[in-house]
Amino acid sequence: MKHIFKKGKDQSRPTLLLLHGTGGTEQDLLQLAEIIDKEANILSVRGNVLENGMPRFFKRLAEGVFDEDDLIFRTKELNEFLDEAAMKYEFDRSNITAVGYSNGANIAASLLFHYKDALNKAILHHPMVPRRGIEMTDLTGKAVFIAAGTNDPICPAQESEELTSLLKNAGADVELHWENRGHQLTIDEVQAAAAWYK
C-alpha cells in the first residue's frame, strides 16, 4: 500500500496510523498527527481502491452503502500491511492508534470489528457503522474517540450513536464528541481528539 512512514522521537509512544477520507491521499492528515502527538511515529496510508479516480479504502455500491465483500477483503489487507510495516519499520505492532476521517474512519472501525489486536486506540472522525449483524471481537481495554456532526448529511446522528453502542457492547471505552456541524473535519474536533488522546 502506498504510504509515508516518519519515525518519531519517542518509541514508547503509539504509532499514529493516518487514514484519509474519499479522494484524499497519504498527505492529508499529516497536520493532525502534529496536533495529536509530535513525538509519535507516523504511518500514513493511501487507500487501494479508486472510485472515479478518487482513492478510497474499500468499494461502495452507493452513497452510504458499502460493498461488504470488498470491505472484508480490504480490512484484512490493511491488517496484514500493518503487520509487515511493524516489522519493516520496527515499531510496536500492539501500540497503534488509528486516526481516520470519513472513509478512513470506516476502515479503522472495520479493523476494530474484525481484528481484536489490530489497533490499541482509534480516533474516528465522522465514521459509519462498517457492518451490522456480525459477532464482534472482544474490545475490552480498547479506547475509541468518535467525532460526529449533529447536521452531518452523510453520517446521521443515529449512525454515530449506533456505532458507539456497538463498540461499547464489545467492551471498548468510547467517547462520543459532538460538533454542531456537517461532515467536514473541524479544528475544534481535532483539538478535542488530541485532548482525549493525551
# chains A, B, ... in the order shown; residues from 1 in each chain; ligands from 1
>>> closest_atom_pairs(of="region 36-90 of chain A", to="region 8-17 of chain A", cutoff="7 Å", atoms="only C-alpha atoms", output="JSON lines")
{"residue": "A:Glu39", "atom": "CA", "partner": "A:Lys9", "partner_atom": "CA", "distance": 5.0}
{"residue": "A:Ala40", "atom": "CA", "partner": "A:Gly8", "partner_atom": "CA", "distance": 4.5}
{"residue": "A:Asn41", "atom": "CA", "partner": "A:Gly8", "partner_atom": "CA", "distance": 4.0}
{"residue": "A:Ile42", "atom": "CA", "partner": "A:Leu16", "partner_atom": "CA", "distance": 4.9}
{"residue": "A:Leu43", "atom": "CA", "partner": "A:Leu17", "partner_atom": "CA", "distance": 4.9}
{"residue": "A:Ser44", "atom": "CA", "partner": "A:Leu17", "partner_atom": "CA", "distance": 5.7}
>>> closest_residue(among="A:Asn52, A:Asn106, A:Asn120, A:Gln27", to="Ile146 (chain A)", atoms="only C-alpha atoms")
A:Asn106
>>> closest_residue(among="A:Ala98, A:Ile36, A:Asn103, A:Leu30", to="Lys59 (chain A)", atoms="only C-alpha atoms")
A:Asn103
>>> residues_around(residues="Ala85 (chain A)", least_positions_apart="6", cutoff="9 Å", atoms="only C-alpha atoms", output="ChimeraX atom specification")
/A:5,43,91,93
>>> decode(residues="region 57-72 of chain A", atoms="all heavy atoms", output="PDB file, in the first residue's frame")
ATOM      1  N   PHE A  57     -10.608   3.431   0.733  1.00  0.00           N
ATOM      2  CA  PHE A  57     -10.078   2.220   1.362  1.00  0.00           C
ATOM      3  C   PHE A  57     -10.870   0.964   1.009  1.00  0.00           C
ATOM      4  O   PHE A  57     -10.389  -0.139   1.190  1.00  0.00           O
ATOM      5  CB  PHE A  57      -9.991   2.406   2.883  1.00  0.00           C
ATOM      6  CG  PHE A  57      -8.854   3.312   3.262  1.00  0.00           C
ATOM      7  CD1 PHE A  57      -9.067   4.653   3.533  1.00  0.00           C
ATOM      8  CD2 PHE A  57      -7.553   2.835   3.296  1.00  0.00           C
ATOM      9  CE1 PHE A  57      -8.009   5.498   3.845  1.00  0.00           C
ATOM     10  CE2 PHE A  57      -6.484   3.675   3.602  1.00  0.00           C
ATOM     11  CZ  PHE A  57      -6.717   5.001   3.878  1.00  0.00           C
ATOM     12  N   PHE A  58     -12.098   1.134   0.519  1.00  0.00           N
ATOM     13  CA  PHE A  58     -12.882  -0.019   0.047  1.00  0.00           C
ATOM     14  C   PHE A  58     -13.978   0.496  -0.875  1.00  0.00           C
ATOM     15  O   PHE A  58     -14.307   1.680  -0.872  1.00  0.00           O
ATOM     16  CB  PHE A  58     -13.474  -0.816   1.223  1.00  0.00           C
ATOM     17  CG  PHE A  58     -14.327   0.002   2.151  1.00  0.00           C
ATOM     18  CD1 PHE A  58     -15.684   0.164   1.906  1.00  0.00           C
ATOM     19  CD2 PHE A  58     -13.778   0.630   3.255  1.00  0.00           C
ATOM     20  CE1 PHE A  58     -16.476   0.939   2.751  1.00  0.00           C
ATOM     21  CE2 PHE A  58     -14.560   1.404   4.104  1.00  0.00           C
ATOM     22  CZ  PHE A  58     -15.907   1.560   3.844  1.00  0.00           C
ATOM     23  N   LYS A  59     -14.553  -0.416  -1.662  1.00  0.00           N
ATOM     24  CA  LYS A  59     -15.600  -0.035  -2.621  1.00  0.00           C
ATOM     25  C   LYS A  59     -16.930   0.198  -1.913  1.00  0.00           C
ATOM     26  O   LYS A  59     -17.179  -0.352  -0.847  1.00  0.00           O
ATOM     27  CB  LYS A  59     -15.792  -1.159  -3.651  1.00  0.00           C
ATOM     28  CG  LYS A  59     -14.616  -1.362  -4.582  1.00  0.00           C
ATOM     29  CD  LYS A  59     -14.873  -2.547  -5.495  1.00  0.00           C
ATOM     30  CE  LYS A  59     -13.612  -2.924  -6.248  1.00  0.00           C
ATOM     31  NZ  LYS A  59     -13.720  -4.267  -6.844  1.00  0.00           N
ATOM     32  N   ARG A  60     -17.764   0.993  -2.555  1.00  0.00           N
ATOM     33  CA  ARG A  60     -19.148   1.122  -2.082  1.00  0.00           C
ATOM     34  C   ARG A  60     -20.077   0.949  -3.278  1.00  0.00           C
ATOM     35  O   ARG A  60     -19.699   1.172  -4.424  1.00  0.00           O
ATOM     36  CB  ARG A  60     -19.370   2.451  -1.365  1.00  0.00           C
ATOM     37  CG  ARG A  60     -19.101   3.669  -2.204  1.00  0.00           C
ATOM     38  CD  ARG A  60     -19.273   4.940  -1.389  1.00  0.00           C
ATOM     39  NE  ARG A  60     -18.721   6.085  -2.131  1.00  0.00           N
ATOM     40  CZ  ARG A  60     -18.672   7.325  -1.650  1.00  0.00           C
ATOM     41  NH1 ARG A  60     -19.127   7.577  -0.442  1.00  0.00           N
ATOM     42  NH2 ARG A  60     -18.166   8.306  -2.372  1.00  0.00           N
ATOM     43  N   LEU A  61     -21.300   0.544  -2.979  1.00  0.00           N
ATOM     44  CA  LEU A  61     -22.287   0.303  -4.029  1.00  0.00           C
ATOM     45  C   LEU A  61     -23.051   1.595  -4.332  1.00  0.00           C
ATOM     46  O   LEU A  61     -23.529   1.798  -5.441  1.00  0.00           O
ATOM     47  CB  LEU A  61     -23.254  -0.804  -3.601  1.00  0.00           C
ATOM     48  CG  LEU A  61     -22.559  -2.118  -3.176  1.00  0.00           C
ATOM     49  CD1 LEU A  61     -23.553  -3.099  -2.597  1.00  0.00           C
ATOM     50  CD2 LEU A  61     -21.818  -2.746  -4.360  1.00  0.00           C
ATOM     51  N   ALA A  62     -23.173   2.446  -3.314  1.00  0.00           N
ATOM     52  CA  ALA A  62     -23.826   3.757  -3.451  1.00  0.00           C
ATOM     53  C   ALA A  62     -23.407   4.576  -2.237  1.00  0.00           C
ATOM     54  O   ALA A  62     -22.734   4.057  -1.347  1.00  0.00           O
ATOM     55  CB  ALA A  62     -25.343   3.591  -3.489  1.00  0.00           C
ATOM     56  N   GLU A  63     -23.806   5.838  -2.200  1.00  0.00           N
ATOM     57  CA  GLU A  63     -23.509   6.689  -1.043  1.00  0.00           C
ATOM     58  C   GLU A  63     -24.052   6.020   0.226  1.00  0.00           C
ATOM     59  O   GLU A  63     -25.243   5.724   0.320  1.00  0.00           O
ATOM     60  CB  GLU A  63     -24.185   8.057  -1.236  1.00  0.00           C
ATOM     61  CG  GLU A  63     -23.935   9.041  -0.108  1.00  0.00           C
ATOM     62  CD  GLU A  63     -22.600   9.754  -0.213  1.00  0.00           C
ATOM     63  OE1 GLU A  63     -22.368  10.457  -1.211  1.00  0.00           O
ATOM     64  OE2 GLU A  63     -21.792   9.594   0.716  1.00  0.00           O
ATOM     65  N   GLY A  64     -23.155   5.733   1.163  1.00  0.00           N
ATOM     66  CA  GLY A  64     -23.578   5.121   2.427  1.00  0.00           C
ATOM     67  C   GLY A  64     -23.863   3.630   2.360  1.00  0.00           C
ATOM     68  O   GLY A  64     -24.264   3.029   3.349  1.00  0.00           O
ATOM     69  N   VAL A  65     -23.673   3.015   1.172  1.00  0.00           N
ATOM     70  CA  VAL A  65     -23.905   1.558   1.034  1.00  0.00           C
ATOM     71  C   VAL A  65     -22.580   0.892   0.679  1.00  0.00           C
ATOM     72  O   VAL A  65     -22.063   1.055  -0.424  1.00  0.00           O
ATOM     73  CB  VAL A  65     -24.961   1.247  -0.060  1.00  0.00           C
ATOM     74  CG1 VAL A  65     -25.249  -0.249  -0.110  1.00  0.00           C
ATOM     75  CG2 VAL A  65     -26.238   2.044   0.178  1.00  0.00           C
ATOM     76  N   PHE A  66     -22.037   0.159   1.633  1.00  0.00           N
ATOM     77  CA  PHE A  66     -20.710  -0.427   1.450  1.00  0.00           C
ATOM     78  C   PHE A  66     -20.777  -1.751   0.700  1.00  0.00           C
ATOM     79  O   PHE A  66     -21.725  -2.509   0.848  1.00  0.00           O
ATOM     80  CB  PHE A  66     -20.041  -0.672   2.818  1.00  0.00           C
ATOM     81  CG  PHE A  66     -19.890   0.559   3.666  1.00  0.00           C
ATOM     82  CD1 PHE A  66     -19.698   0.444   5.031  1.00  0.00           C
ATOM     83  CD2 PHE A  66     -19.940   1.827   3.114  1.00  0.00           C
ATOM     84  CE1 PHE A  66     -19.563   1.575   5.835  1.00  0.00           C
ATOM     85  CE2 PHE A  66     -19.800   2.963   3.901  1.00  0.00           C
ATOM     86  CZ  PHE A  66     -19.614   2.833   5.262  1.00  0.00           C
ATOM     87  N   ASP A  67     -19.749  -2.015  -0.100  1.00  0.00           N
ATOM     88  CA  ASP A  67     -19.551  -3.328  -0.718  1.00  0.00           C
ATOM     89  C   ASP A  67     -18.920  -4.209   0.370  1.00  0.00           C
ATOM     90  O   ASP A  67     -17.727  -4.130   0.636  1.00  0.00           O
ATOM     91  CB  ASP A  67     -18.627  -3.190  -1.931  1.00  0.00           C
ATOM     92  CG  ASP A  67     -18.361  -4.518  -2.633  1.00  0.00           C
ATOM     93  OD1 ASP A  67     -18.396  -5.570  -1.965  1.00  0.00           O
ATOM     94  OD2 ASP A  67     -18.092  -4.491  -3.850  1.00  0.00           O
ATOM     95  N   GLU A  68     -19.755  -5.023   1.019  1.00  0.00           N
ATOM     96  CA  GLU A  68     -19.316  -5.725   2.217  1.00  0.00           C
ATOM     97  C   GLU A  68     -18.169  -6.705   1.943  1.00  0.00           C
ATOM     98  O   GLU A  68     -17.238  -6.813   2.736  1.00  0.00           O
ATOM     99  CB  GLU A  68     -20.500  -6.462   2.857  1.00  0.00           C
ATOM    100  CG  GLU A  68     -20.434  -6.392   4.374  1.00  0.00           C
ATOM    101  CD  GLU A  68     -21.730  -6.745   5.055  1.00  0.00           C
ATOM    102  OE1 GLU A  68     -22.597  -5.866   5.165  1.00  0.00           O
ATOM    103  OE2 GLU A  68     -21.852  -7.901   5.484  1.00  0.00           O
ATOM    104  N   ASP A  69     -18.240  -7.401   0.807  1.00  0.00           N
ATOM    105  CA  ASP A  69     -17.165  -8.354   0.475  1.00  0.00           C
ATOM    106  C   ASP A  69     -15.838  -7.621   0.317  1.00  0.00           C
ATOM    107  O   ASP A  69     -14.795  -8.079   0.792  1.00  0.00           O
ATOM    108  CB  ASP A  69     -17.485  -9.125  -0.813  1.00  0.00           C
ATOM    109  CG  ASP A  69     -18.634 -10.109  -0.625  1.00  0.00           C
ATOM    110  OD1 ASP A  69     -18.921 -10.460   0.546  1.00  0.00           O
ATOM    111  OD2 ASP A  69     -19.249 -10.514  -1.633  1.00  0.00           O
ATOM    112  N   ASP A  70     -15.877  -6.484  -0.361  1.00  0.00           N
ATOM    113  CA  ASP A  70     -14.643  -5.714  -0.559  1.00  0.00           C
ATOM    114  C   ASP A  70     -14.158  -5.125   0.765  1.00  0.00           C
ATOM    115  O   ASP A  70     -12.957  -5.104   1.034  1.00  0.00           O
ATOM    116  CB  ASP A  70     -14.854  -4.595  -1.590  1.00  0.00           C
ATOM    117  CG  ASP A  70     -13.521  -3.995  -2.040  1.00  0.00           C
ATOM    118  OD1 ASP A  70     -12.681  -4.744  -2.580  1.00  0.00           O
ATOM    119  OD2 ASP A  70     -13.299  -2.792  -1.817  1.00  0.00           O
ATOM    120  N   LEU A  71     -15.096  -4.686   1.603  1.00  0.00           N
ATOM    121  CA  LEU A  71     -14.735  -4.151   2.922  1.00  0.00           C
ATOM    122  C   LEU A  71     -13.978  -5.212   3.739  1.00  0.00           C
ATOM    123  O   LEU A  71     -12.936  -4.928   4.336  1.00  0.00           O
ATOM    124  CB  LEU A  71     -15.984  -3.689   3.674  1.00  0.00           C
ATOM    125  CG  LEU A  71     -15.775  -3.250   5.138  1.00  0.00           C
ATOM    126  CD1 LEU A  71     -14.848  -2.046   5.231  1.00  0.00           C
ATOM    127  CD2 LEU A  71     -17.103  -2.943   5.795  1.00  0.00           C
ATOM    128  N   ILE A  72     -14.494  -6.431   3.740  1.00  0.00           N
ATOM    129  CA  ILE A  72     -13.854  -7.524   4.487  1.00  0.00           C
ATOM    130  C   ILE A  72     -12.457  -7.786   3.929  1.00  0.00           C
ATOM    131  O   ILE A  72     -11.476  -7.903   4.680  1.00  0.00           O
ATOM    132  CB  ILE A  72     -14.723  -8.803   4.435  1.00  0.00           C
ATOM    133  CG1 ILE A  72     -16.031  -8.582   5.197  1.00  0.00           C
ATOM    134  CG2 ILE A  72     -13.977 -10.008   4.999  1.00  0.00           C
ATOM    135  CD1 ILE A  72     -17.119  -9.589   4.867  1.00  0.00           C
TER     136      ILE A  72
END
